[in-house]
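Source file: work00.cif. Holds: mmCIF, C-alpha atoms and all ligand atoms.
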data_protein
loop_
_atom_site.label_atom_id
_atom_site.label_comp_id
_atom_site.auth_asym_id
_atom_site.auth_seq_id
_atom_site.Cartn_x
_atom_site.Cartn_y
_atom_site.Cartn_z
CA MET A 1255 -34.55 -39.38 -16.85
CA SER A 1256 -36.93 -36.47 -16.30
CA THR A 1257 -35.88 -33.05 -17.56
CA SER A 1258 -35.40 -31.85 -13.99
CA CYS A 1259 -32.54 -34.34 -13.70
CA VAL A 1260 -30.59 -32.93 -16.62
CA PRO A 1261 -27.54 -31.02 -15.42
CA GLU A 1262 -27.66 -27.34 -16.24
CA HIS A 1263 -24.20 -27.33 -17.71
CA SER A 1264 -20.88 -28.89 -17.08
CA VAL A 1265 -17.36 -27.59 -16.77
CA THR A 1266 -14.11 -29.37 -16.67
CA LEU A 1267 -12.59 -28.67 -13.30
CA SER A 1268 -9.05 -28.23 -14.37
CA ILE A 1269 -7.06 -26.93 -17.14
CA VAL A 1270 -7.13 -29.76 -19.58
CA GLU A 1271 -4.60 -28.20 -21.94
CA LYS A 1272 -2.12 -28.07 -19.06
CA GLY A 1273 -2.41 -31.76 -18.49
CA TRP A 1274 -4.66 -31.97 -15.44
CA LYS A 1275 -6.48 -35.24 -15.42
CA SER A 1276 -9.96 -33.89 -15.89
CA ILE A 1277 -12.62 -34.00 -13.23
CA GLU A 1278 -15.89 -33.10 -14.87
CA LEU A 1279 -18.48 -31.41 -12.75
CA SER A 1280 -22.14 -30.85 -13.61
CA GLN A 1281 -24.08 -28.08 -12.03
CA TYR A 1282 -27.39 -29.32 -10.67
CA GLN A 1283 -29.71 -27.13 -8.61
CA GLY A 1284 -26.87 -24.84 -7.69
CA PHE A 1285 -24.37 -27.57 -6.70
CA TRP A 1286 -21.46 -29.07 -8.63
CA LEU A 1287 -21.77 -32.86 -8.81
CA LEU A 1288 -19.22 -35.25 -10.26
CA HIS A 1289 -20.35 -35.77 -13.84
CA LYS A 1290 -19.16 -39.37 -13.93
CA TYR A 1291 -21.35 -40.30 -10.97
CA PHE A 1292 -24.28 -38.08 -11.88
CA PRO A 1293 -26.54 -41.01 -12.96
CA GLY A 1294 -25.77 -42.74 -9.64
CA SER A 1295 -26.53 -39.59 -7.66
CA MET A 1296 -29.85 -39.14 -9.45
CA ALA A 1297 -30.85 -42.81 -9.14
CA CYS A 1298 -30.01 -42.76 -5.46
CA ARG A 1299 -32.07 -39.59 -4.97
CA GLU A 1300 -35.01 -41.18 -6.71
CA HIS A 1301 -34.90 -44.77 -5.47
CA PHE A 1302 -33.03 -45.05 -2.16
CA GLU A 1303 -35.42 -46.22 0.54
CA SER A 1304 -34.09 -45.13 3.86
CA SER A 1305 -34.96 -46.75 7.15
CA LYS A 1306 -35.07 -44.97 10.50
CA ASP A 1307 -32.14 -47.11 11.69
CA ASP A 1308 -29.81 -46.11 8.85
CA VAL A 1309 -26.69 -44.15 9.68
CA MET A 1310 -25.56 -41.80 6.94
CA LEU A 1311 -22.03 -40.40 7.03
CA ILE A 1312 -21.98 -37.24 4.97
CA THR A 1313 -18.93 -35.13 4.26
CA THR A 1314 -17.45 -32.56 1.98
CA PRO A 1315 -14.66 -34.35 0.08
CA LYS A 1316 -11.25 -34.27 1.81
CA SER A 1317 -12.66 -33.35 5.20
CA GLY A 1318 -11.78 -36.66 6.89
CA THR A 1319 -14.28 -39.07 5.34
CA THR A 1320 -11.83 -41.98 5.64
CA TRP A 1321 -11.35 -41.26 9.34
CA LEU A 1322 -15.07 -40.85 10.04
CA LYS A 1323 -15.81 -44.14 8.28
CA ALA A 1324 -13.23 -45.95 10.41
CA LEU A 1325 -14.37 -44.34 13.67
CA THR A 1326 -18.09 -44.91 13.13
CA PHE A 1327 -17.68 -48.46 11.87
CA THR A 1328 -15.53 -49.31 14.88
CA VAL A 1329 -17.88 -47.71 17.41
CA LEU A 1330 -21.00 -49.29 15.92
CA ASN A 1331 -19.50 -52.77 15.64
CA ARG A 1332 -17.39 -52.79 18.79
CA THR A 1333 -19.08 -55.79 20.37
CA ARG A 1334 -18.69 -57.81 17.18
CA HIS A 1335 -15.00 -57.27 16.35
CA ASP A 1336 -11.95 -57.16 18.58
CA PHE A 1337 -8.81 -55.31 17.59
CA ASN A 1338 -6.82 -58.44 16.75
CA ASN A 1339 -9.25 -59.61 14.16
CA HIS A 1340 -10.83 -56.40 12.97
CA PRO A 1341 -12.09 -55.81 9.40
CA LEU A 1342 -10.21 -52.50 9.28
CA LEU A 1343 -6.92 -54.42 9.53
CA THR A 1344 -7.47 -55.90 6.11
CA THR A 1345 -10.15 -53.75 4.46
CA SER A 1346 -10.07 -50.10 3.44
CA PRO A 1347 -12.58 -47.88 5.27
CA HIS A 1348 -13.92 -46.99 1.81
CA GLU A 1349 -14.78 -50.61 1.15
CA LEU A 1350 -16.34 -51.09 4.57
CA VAL A 1351 -18.60 -48.04 4.27
CA PRO A 1352 -19.64 -47.56 0.64
CA LEU A 1353 -20.59 -44.29 -0.96
CA LEU A 1354 -24.23 -44.75 -1.78
CA ASP A 1355 -24.25 -43.09 -5.19
CA TYR A 1356 -20.70 -43.95 -6.41
CA ASP A 1357 -20.38 -47.49 -5.12
CA LEU A 1358 -23.93 -48.84 -4.98
CA TYR A 1359 -26.05 -46.99 -7.56
CA VAL A 1360 -23.30 -47.53 -10.12
CA ASP A 1361 -24.22 -45.96 -13.47
CA GLY A 1362 -27.73 -45.36 -12.20
CA LYS A 1363 -28.58 -49.04 -11.58
CA VAL A 1364 -30.78 -49.62 -8.55
CA PRO A 1365 -29.22 -52.14 -6.14
CA ASP A 1366 -31.04 -54.34 -3.64
CA LEU A 1367 -29.98 -53.01 -0.24
CA THR A 1368 -32.72 -54.71 1.77
CA ASN A 1369 -30.52 -57.61 2.97
CA ILE A 1370 -27.90 -55.44 4.64
CA PRO A 1371 -28.15 -55.91 8.42
CA SER A 1372 -29.39 -52.97 10.42
CA PRO A 1373 -28.10 -50.40 11.23
CA ARG A 1374 -26.96 -49.89 7.65
CA LEU A 1375 -23.97 -47.60 7.37
CA PHE A 1376 -23.61 -45.57 4.18
CA CYS A 1377 -21.68 -42.54 3.06
CA LEU A 1378 -22.61 -39.64 0.78
CA HIS A 1379 -21.14 -36.33 -0.35
CA LEU A 1380 -24.47 -34.93 -1.60
CA PRO A 1381 -25.55 -31.57 -0.20
CA TYR A 1382 -28.50 -31.55 2.20
CA GLU A 1383 -30.73 -29.97 -0.43
CA LEU A 1384 -30.10 -32.87 -2.81
CA LEU A 1385 -30.48 -35.78 -0.39
CA PRO A 1386 -32.96 -38.50 -1.31
CA THR A 1387 -36.20 -37.35 0.32
CA SER A 1388 -36.49 -40.72 2.08
CA ILE A 1389 -33.40 -39.83 4.15
CA ILE A 1390 -35.18 -36.77 5.50
CA GLU A 1391 -38.55 -38.51 5.84
CA SER A 1392 -37.19 -41.59 7.63
CA ASN A 1393 -35.52 -39.27 10.16
CA CYS A 1394 -32.49 -41.57 10.13
CA ARG A 1395 -29.25 -40.49 11.77
CA ILE A 1396 -26.94 -38.23 9.80
CA ILE A 1397 -23.35 -37.64 10.89
CA TYR A 1398 -21.87 -34.72 9.02
CA LEU A 1399 -18.17 -33.97 8.97
CA CYS A 1400 -16.50 -30.89 7.56
CA ARG A 1401 -13.11 -29.25 7.78
CA ASN A 1402 -11.87 -25.69 7.56
CA PRO A 1403 -11.91 -24.41 3.98
CA LYS A 1404 -8.17 -23.77 3.67
CA ASP A 1405 -7.11 -27.30 4.64
CA THR A 1406 -9.99 -28.80 2.66
CA PHE A 1407 -8.88 -26.91 -0.43
CA VAL A 1408 -5.21 -27.87 -0.04
CA SER A 1409 -6.08 -31.52 0.54
CA LEU A 1410 -8.39 -31.54 -2.48
CA TRP A 1411 -5.92 -29.81 -4.74
CA LEU A 1412 -3.07 -32.15 -3.83
CA PHE A 1413 -5.34 -35.21 -4.07
CA LEU A 1414 -6.56 -34.27 -7.54
CA ASN A 1415 -2.99 -33.58 -8.61
CA LYS A 1416 -2.05 -37.08 -7.48
CA LEU A 1417 -4.48 -38.43 -10.06
CA VAL A 1418 -2.28 -36.88 -12.72
CA SER A 1419 -0.04 -39.39 -14.43
CA GLU A 1420 3.76 -39.08 -14.18
CA ASP A 1421 4.17 -37.30 -17.51
CA GLU A 1422 1.43 -34.71 -16.91
CA ALA A 1423 2.04 -31.41 -15.18
CA PRO A 1424 0.10 -30.85 -11.96
CA VAL A 1425 -2.42 -28.02 -11.95
CA PRO A 1426 -0.98 -24.88 -10.33
CA VAL A 1427 -2.44 -23.89 -7.00
CA GLU A 1428 -3.64 -20.51 -8.34
CA GLU A 1429 -5.84 -22.13 -10.95
CA ALA A 1430 -7.41 -24.66 -8.61
CA PHE A 1431 -7.87 -21.96 -5.96
CA GLU A 1432 -9.73 -19.69 -8.33
CA LEU A 1433 -12.28 -22.44 -9.05
CA PHE A 1434 -12.70 -23.40 -5.39
CA HIS A 1435 -13.18 -19.76 -4.42
CA ARG A 1436 -15.89 -19.43 -7.07
CA GLY A 1437 -17.67 -22.41 -5.55
CA ILE A 1438 -16.68 -24.80 -8.33
CA SER A 1439 -15.44 -27.89 -6.53
CA PRO A 1440 -16.81 -31.41 -6.13
CA TYR A 1441 -20.18 -31.04 -4.31
CA GLY A 1442 -19.53 -27.34 -3.91
CA PRO A 1443 -20.04 -24.55 -3.35
CA PHE A 1444 -18.21 -25.65 -0.23
CA TRP A 1445 -19.90 -23.08 2.09
CA GLU A 1446 -23.44 -23.85 0.94
CA HIS A 1447 -22.75 -27.56 1.58
CA LEU A 1448 -21.74 -26.75 5.16
CA LEU A 1449 -24.68 -24.46 5.80
CA GLY A 1450 -27.30 -26.97 4.66
CA TYR A 1451 -26.16 -29.50 7.27
CA TRP A 1452 -25.39 -26.87 9.90
CA LYS A 1453 -29.00 -25.64 9.77
CA ALA A 1454 -30.34 -29.19 9.82
CA SER A 1455 -28.21 -29.97 12.88
CA LEU A 1456 -29.63 -26.94 14.68
CA GLU A 1457 -33.19 -27.95 13.79
CA ARG A 1458 -32.85 -31.68 14.52
CA PRO A 1459 -29.80 -32.11 16.79
CA GLU A 1460 -30.89 -35.55 17.94
CA ARG A 1461 -30.79 -36.83 14.33
CA VAL A 1462 -28.10 -34.68 12.67
CA LEU A 1463 -24.68 -34.59 14.32
CA PHE A 1464 -22.38 -31.87 13.03
CA MET A 1465 -18.66 -32.55 13.46
CA LYS A 1466 -15.50 -30.67 12.53
CA TYR A 1467 -12.17 -32.29 11.66
CA GLU A 1468 -10.22 -29.82 13.80
CA GLU A 1469 -12.33 -30.55 16.85
CA ILE A 1470 -11.95 -34.32 16.55
CA LYS A 1471 -8.19 -33.83 16.17
CA GLU A 1472 -8.10 -31.73 19.31
CA ASP A 1473 -9.95 -34.22 21.50
CA PRO A 1474 -10.68 -37.53 19.75
CA ALA A 1475 -11.89 -39.28 22.92
CA PHE A 1476 -14.49 -36.60 23.62
CA HIS A 1477 -15.84 -36.85 20.08
CA LEU A 1478 -15.84 -40.65 20.14
CA ARG A 1479 -18.09 -40.53 23.20
CA ARG A 1480 -20.26 -37.93 21.48
CA LEU A 1481 -20.50 -40.19 18.44
CA ALA A 1482 -21.43 -43.22 20.53
CA ASP A 1483 -24.07 -41.25 22.47
CA PHE A 1484 -25.54 -39.94 19.23
CA LEU A 1485 -25.66 -43.47 17.80
CA GLY A 1486 -27.58 -44.64 20.85
CA CYS A 1487 -24.76 -46.92 22.04
CA PRO A 1488 -22.89 -44.95 24.72
CA PHE A 1489 -19.74 -46.44 26.20
CA SER A 1490 -20.57 -48.43 29.31
CA ASP A 1491 -18.75 -48.08 32.63
CA GLU A 1492 -17.00 -51.36 31.92
CA GLU A 1493 -15.89 -50.16 28.48
CA GLU A 1494 -14.63 -46.96 30.08
CA ARG A 1495 -12.69 -48.99 32.66
CA GLU A 1496 -11.15 -50.99 29.84
CA GLU A 1497 -10.20 -47.70 28.16
CA LEU A 1498 -12.00 -48.73 25.00
CA VAL A 1499 -12.45 -45.13 23.88
CA GLU A 1500 -8.70 -44.51 23.90
CA LYS A 1501 -8.11 -47.86 22.18
CA ILE A 1502 -10.50 -46.91 19.34
CA GLU A 1503 -8.84 -43.50 19.12
CA ARG A 1504 -5.42 -45.14 18.64
CA PHE A 1505 -6.73 -47.86 16.34
CA CYS A 1506 -8.28 -45.30 13.96
CA SER A 1507 -5.52 -42.71 14.21
CA PHE A 1508 -3.90 -41.41 11.04
CA GLU A 1509 -0.59 -43.14 11.81
CA SER A 1510 -2.21 -46.44 12.64
CA LEU A 1511 -4.49 -46.61 9.59
CA LYS A 1512 -1.80 -45.31 7.25
CA SER A 1513 0.65 -48.00 8.37
CA LEU A 1514 -1.65 -50.90 7.47
CA LYS A 1515 -0.72 -52.92 4.42
CA VAL A 1516 -4.24 -52.60 3.00
CA ASN A 1517 -4.00 -48.81 3.09
CA LYS A 1518 -0.46 -48.72 1.70
CA SER A 1519 -1.29 -50.78 -1.35
CA GLY A 1520 -4.28 -51.59 -3.48
CA THR A 1521 -6.91 -49.39 -5.05
CA THR A 1522 -10.60 -48.64 -4.58
CA ALA A 1523 -13.21 -50.01 -6.95
CA HIS A 1524 -12.74 -46.75 -8.88
CA GLY A 1525 -9.01 -47.25 -9.31
CA ILE A 1526 -7.88 -44.69 -6.73
CA GLN A 1527 -4.84 -45.77 -4.73
CA ASN A 1528 -5.73 -46.44 -1.09
CA LYS A 1529 -2.59 -44.66 0.04
CA SER A 1530 -3.79 -41.40 -1.53
CA PHE A 1531 -6.38 -41.06 1.26
CA PHE A 1532 -3.55 -40.68 3.80
CA ARG A 1533 -1.36 -37.67 3.18
CA ARG A 1534 -0.43 -35.64 6.31
CA GLY A 1535 -3.60 -35.62 8.39
CA VAL A 1536 -2.86 -32.39 10.26
CA VAL A 1537 -4.61 -29.08 10.92
CA GLY A 1538 -3.00 -26.01 9.36
CA ASP A 1539 -1.02 -27.52 6.47
CA TRP A 1540 -2.54 -24.69 4.37
CA GLU A 1541 0.28 -22.50 5.72
CA ASN A 1542 2.70 -24.48 3.55
CA HIS A 1543 0.77 -24.11 0.33
CA LEU A 1544 -1.32 -20.91 0.17
CA THR A 1545 -0.11 -17.40 -0.51
CA LYS A 1546 -0.97 -14.50 1.81
CA GLU A 1547 -3.48 -13.26 -0.78
CA MET A 1548 -5.18 -16.64 -1.02
CA ILE A 1549 -5.43 -16.93 2.76
CA GLU A 1550 -6.97 -13.46 3.01
CA ALA A 1551 -9.40 -14.11 0.15
CA LEU A 1552 -10.58 -17.43 1.56
CA ASP A 1553 -10.89 -16.11 5.12
CA LYS A 1554 -12.90 -13.13 3.88
CA LEU A 1555 -15.21 -15.23 1.77
CA THR A 1556 -15.72 -17.72 4.59
CA GLN A 1557 -16.58 -14.93 6.98
CA GLN A 1558 -19.10 -13.48 4.51
CA LYS A 1559 -20.70 -16.81 3.73
CA LEU A 1560 -20.98 -18.03 7.32
CA GLU A 1561 -21.86 -14.70 8.87
CA GLY A 1562 -24.75 -14.92 11.29
CA SER A 1563 -24.86 -18.71 11.14
CA GLY A 1564 -22.82 -19.33 14.28
CA LEU A 1565 -20.51 -21.69 12.36
CA THR A 1566 -16.79 -20.98 12.73
CA PHE A 1567 -13.47 -22.85 12.39
CA LYS A 1568 -10.28 -23.12 14.41
CA ASP A 1569 -7.97 -23.71 11.52
CA ALA A 1570 -4.45 -22.82 12.54
CA LYS A 1571 -1.65 -25.05 13.81
CA LYS A 1572 -1.29 -24.94 17.58
N1 LIG B 1601 -7.25 -41.37 10.48
C1 LIG B 1601 -7.12 -40.14 10.06
N2 LIG B 1601 -6.98 -39.13 10.93
C2 LIG B 1601 -6.83 -37.85 10.52
N3 LIG B 1601 -6.81 -37.47 9.21
C3 LIG B 1601 -6.96 -38.45 8.30
C4 LIG B 1601 -7.11 -39.80 8.67
N4 LIG B 1601 -7.22 -40.54 7.53
C5 LIG B 1601 -7.13 -39.68 6.51
N5 LIG B 1601 -6.96 -38.42 6.95
C6 LIG B 1601 -6.80 -37.19 6.17
O1 LIG B 1601 -8.07 -36.82 5.62
C7 LIG B 1601 -7.88 -36.22 4.33
C8 LIG B 1601 -8.58 -37.05 3.28
O2 LIG B 1601 -9.93 -36.69 3.35
P1 LIG B 1601 -11.10 -37.71 3.03
O3 LIG B 1601 -10.87 -38.97 3.75
O4 LIG B 1601 -12.35 -36.96 3.30
O5 LIG B 1601 -10.93 -37.95 1.47
S1 LIG B 1601 -12.11 -38.46 0.50
O6 LIG B 1601 -13.09 -37.36 0.42
O7 LIG B 1601 -12.67 -39.68 1.03
O8 LIG B 1601 -11.42 -38.65 -0.80
C9 LIG B 1601 -6.38 -36.19 4.11
O9 LIG B 1601 -5.96 -34.95 4.62
P2 LIG B 1601 -4.58 -34.22 4.17
O10 LIG B 1601 -3.49 -35.03 4.77
O11 LIG B 1601 -4.65 -32.84 4.75
O12 LIG B 1601 -4.58 -34.20 2.68
C10 LIG B 1601 -5.92 -37.36 4.96
O13 LIG B 1601 -4.56 -37.33 5.27
#

Could I get this structure in the form of structure tokens?
Ligand SMILES: Nc1ncnc2c1ncn2[C@@H]1O[C@H](COP(=O)(O)OS(=O)(=O)O)[C@@H](OP(=O)(O)O)[C@H]1O
Amino acid sequence: MSTSCVPEHSVTLSIVEKGWKSIELSQYQGFWLLHKYFPGSMACREHFESSKDDVMLITTPKSGTTWLKALTFTVLNRTRHDFNNHPLLTTSPHELVPLLDYDLYVDGKVPDLTNIPSPRLFCLHLPYELLPTSIIESNCRIIYLCRNPKDTFVSLWLFLNKLVSEDEAPVPVEEAFELFHRGISPYGPFWEHLLGYWKASLERPERVLFMKYEEIKEDPAFHLRRLADFLGCPFSDEEEREELVEKIERFCSFESLKSLKVNKSGTTAHGIQNKSFFRRGVVGDWENHLTKEMIEALDKLTQQKLEGSGLTFKDAKK
């Protein structure tokens, strides 16, 4: 590994002495990467050969990755699979759309990805600045999904607490919040992650689609059509007559995916319970978890960070 690939330093995201199952993060070029998957992230950066037809789903963790995987897989493969015999009925979205660095470049080993039929569908959490250069050079499609910072934080905090074993105390919200606010979160700083893709989407809108969880929630059918158009496979008049868009919306809804046996049981290749990817799936749950001070601090920071960018969030419950 060249010296430029050595993480600057690492912290343990969590308060180990209080029993939080530790999530080690390494700071690399200003971003906090998961230490455990750092070799995979670096190998992927160095060796991944992107093709123009690739579709990369990129998200900040806990912004709806599971949902985006299900929606995009279903849209892209809609002529191949009907709803009675669909891979999502028996396979987790995380298995269907692998994370390039976690799942494929495991421990830094370089996999052979040349036999995967085109368009290849992969997922990543890496910030734009740390993408493999071949992803930029190939000009492949990037679909970026983010979520308002307050719900993202709450979802992340509760998810990481779930990884704590029964006899360990969960990390208090104040302690996790302080780290998130300082930018120390998986693939954070959160705001810089957003801005990298936001700018890319403004510069290359035909190749970088920027989506927000809240907006998909508000009008899933509109965003499914937007997704299909972006992917170069718009819904035909016949598909519209058959109400395929609404069928995909229902098929990939939170309630529908959560109720499937595969998502109620079993674990990912990394030992994470499939059910932990389905908690509440709503906008505005932050109201139930954050104090007034936290809300004010996060809103203020978000305003400062995103000022002048044109990027905003509708983050309250209707
Ligand atoms: N189908 C569907 N529709 C709407 N919302 C959904 C769906 N599937 C998962 N979720 C909610 O997304 C949150 C998990 O985020 P991610 O999937 O990005 O997690 S991960 O980064 O892959 O670990 C998590 O949000 P919270 O409920 O707020 O914690 C999930 O409940």

Within 12 Å of Phe1431 in chain A using all atoms listed in the file, minus same-chain residues under 5 positions, as a PyMOL selection string: chain A and resi 1267-1268+1403-1412+1425-1426+1436-1439+1540+1543-1545+1547-1549+1551-1552

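Proximity to Lys1453 in chain A was assessed for A:Val1329, A:Val1309, A:Met1296, A:Leu1565 counting only C-alpha atoms; the smallest distance is recorded for A:Leu1565.
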
Between range 1430-1489 of chain A and range 1507-1516 of chain A, at 12 Å or less, what are the per-residue closest atom pairs and their distances in Å? Count all atoms listed in the file, order by chain and rising residue number, and return it as a Markdown table.
| residue | atom | partner | partner_atom | distance |
| --- | --- | --- | --- | --- |
| A:Ile1470 | CA | A:Ser1507 | CA | 10.8 |
| A:Lys1471 | CA | A:Ser1507 | CA | 9.5 |
| A:Pro1474 | CA | A:Ser1507 | CA | 9.2 |
| A:Ala1475 | CA | A:Ser1507 | CA | 11.3 |

Which residues are close to Glu1446 in chain A, i.e. within 9 Å by all atoms listed in the file, leaving aside same-chain residues fewer than 3 positions away? Reply as a PyMOL selection string. chain A and resi 1285+1381+1437+1442-1443+1449-1451+1559-1560

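Nearest-residue note for Arg1458 in chain A: choosing from A:Phe1476, A:Phe1484, A:Phe1337, A:Trp1445, the minimum distance belongs to A:Phe1484, counting all atoms listed in the file.
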
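Counting all atoms listed in the file and comparing A:Pro1352, A:Gly1294, A:Pro1341, A:Gly1562, the residue that lies closest to ligand LIG 1601 (chain B) is A:Pro1352.
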
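What separates CA of Tyr1291 in chain A from CA of Pro1365 in chain A is a distance of 15.0 Å.
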
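Excluding Val1462 in chain A itself and any same-chain residue fewer than 5 positions from it, the protein and nucleic acid residues within 7 Å of it, counting all atoms listed in the file, are Arg1395, Ile1396, Ile1397, Ala1454 and Ser1455 of chain A.
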
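Counting all atoms listed in the file, the residue from A:Thr1320, A:Thr1521, A:Gln1283, A:Ser1346 that sits nearest to ligand LIG 1601 (chain B) is A:Thr1320.
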
Considering all atoms listed in the file, can you say which of A:Val1427, A:Ala1324, A:Cys1298, A:Val1364 comes closest to ligand LIG 1601 (chain B)? A:Ala1324

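One distance worth recording is that between atom O7 of ligand LIG 1601 (chain B) and CA of Lys1316 in chain A, which is 5.6 Å.
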
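Comparing A:Phe1413, A:Ser1392, A:Glu1428, A:Ser1305 by their smallest distance to Ile1526 in chain A, the closest is A:Phe1413 (using only C-alpha atoms).
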
Expressed in Å, the length from CA of Glu1349 in chain A to atom O5 of ligand LIG 1601 (chain B) is 13.2 Å

Near Trp1286 in chain A, counting all atoms listed in the file, which residues have an atom at most 12 Å away, once you skip same-chain residues fewer than 3 positions from it, shown as a PDB file with C-alpha atoms, keeping the file's coordinate frame?
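So part.pdb came out as:
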ATOM      1  CA  PRO A1261     -27.540 -31.020 -15.420  1.00  0.00           C
ATOM      2  CA  GLU A1262     -27.660 -27.340 -16.240  1.00  0.00           C
ATOM      3  CA  HIS A1263     -24.200 -27.330 -17.710  1.00  0.00           C
ATOM      4  CA  SER A1264     -20.880 -28.890 -17.080  1.00  0.00           C
ATOM      5  CA  VAL A1265     -17.360 -27.590 -16.770  1.00  0.00           C
ATOM      6  CA  THR A1266     -14.110 -29.370 -16.670  1.00  0.00           C
ATOM      7  CA  LEU A1267     -12.590 -28.670 -13.300  1.00  0.00           C
ATOM      8  CA  ILE A1277     -12.620 -34.000 -13.230  1.00  0.00           C
ATOM      9  CA  GLU A1278     -15.890 -33.100 -14.870  1.00  0.00           C
ATOM     10  CA  LEU A1279     -18.480 -31.410 -12.750  1.00  0.00           C
ATOM     11  CA  SER A1280     -22.140 -30.850 -13.610  1.00  0.00           C
ATOM     12  CA  GLN A1281     -24.080 -28.080 -12.030  1.00  0.00           C
ATOM     13  CA  TYR A1282     -27.390 -29.320 -10.670  1.00  0.00           C
ATOM     14  CA  GLN A1283     -29.710 -27.130  -8.610  1.00  0.00           C
ATOM     15  CA  HIS A1289     -20.350 -35.770 -13.840  1.00  0.00           C
ATOM     16  CA  LYS A1290     -19.160 -39.370 -13.930  1.00  0.00           C
ATOM     17  CA  TYR A1291     -21.350 -40.300 -10.970  1.00  0.00           C
ATOM     18  CA  PHE A1292     -24.280 -38.080 -11.880  1.00  0.00           C
ATOM     19  CA  SER A1295     -26.530 -39.590  -7.660  1.00  0.00           C
ATOM     20  CA  THR A1314     -17.450 -32.560   1.980  1.00  0.00           C
ATOM     21  CA  HIS A1379     -21.140 -36.330  -0.350  1.00  0.00           C
ATOM     22  CA  LEU A1380     -24.470 -34.930  -1.600  1.00  0.00           C
ATOM     23  CA  PRO A1381     -25.550 -31.570  -0.200  1.00  0.00           C
ATOM     24  CA  LEU A1384     -30.100 -32.870  -2.810  1.00  0.00           C
ATOM     25  CA  LEU A1433     -12.280 -22.440  -9.050  1.00  0.00           C
ATOM     26  CA  PHE A1434     -12.700 -23.400  -5.390  1.00  0.00           C
ATOM     27  CA  ARG A1436     -15.890 -19.430  -7.070  1.00  0.00           C
ATOM     28  CA  GLY A1437     -17.670 -22.410  -5.550  1.00  0.00           C
ATOM     29  CA  ILE A1438     -16.680 -24.800  -8.330  1.00  0.00           C
ATOM     30  CA  SER A1439     -15.440 -27.890  -6.530  1.00  0.00           C
ATOM     31  CA  PRO A1440     -16.810 -31.410  -6.130  1.00  0.00           C
ATOM     32  CA  TYR A1441     -20.180 -31.040  -4.310  1.00  0.00           C
ATOM     33  CA  GLY A1442     -19.530 -27.340  -3.910  1.00  0.00           C
ATOM     34  CA  PRO A1443     -20.040 -24.550  -3.350  1.00  0.00           C
ATOM     35  CA  PHE A1444     -18.210 -25.650  -0.230  1.00  0.00           C
ATOM     36  CA  GLU A1446     -23.440 -23.850   0.940  1.00  0.00           C
ATOM     37  CA  HIS A1447     -22.750 -27.560   1.580  1.00  0.00           C
TER      38      HIS A1447
END

Fewer than 6 positions away in the same chain doesn't count, so skip those; otherwise give me all residues within 8 Å of Lys1529 in chain A, counting all atoms listed in the file, as a compact mmCIF listing (two decimals) with C-alpha atoms, keeping the file's coordinate frame.
# COMPACT_ATOMS: atom_id res chain seq x y z
CA LYS A 1512 -1.80 -45.31 7.25
CA ASN A 1517 -4.00 -48.81 3.09
CA LYS A 1518 -0.46 -48.72 1.70
CA SER A 1519 -1.29 -50.78 -1.35
CA GLY A 1520 -4.28 -51.59 -3.48

Taking all atoms of ligand LIG 1601 (chain B) that appear in the file, build a box with edges along x, y and z, extend it by 4 Å on every side, and state its centre and edge lengths in Å to one decimal, as JSON.
{"center_x": -8.3, "center_y": -37.1, "center_z": 5.1, "size_x": 17.6, "size_y": 16.5, "size_z": 19.7}
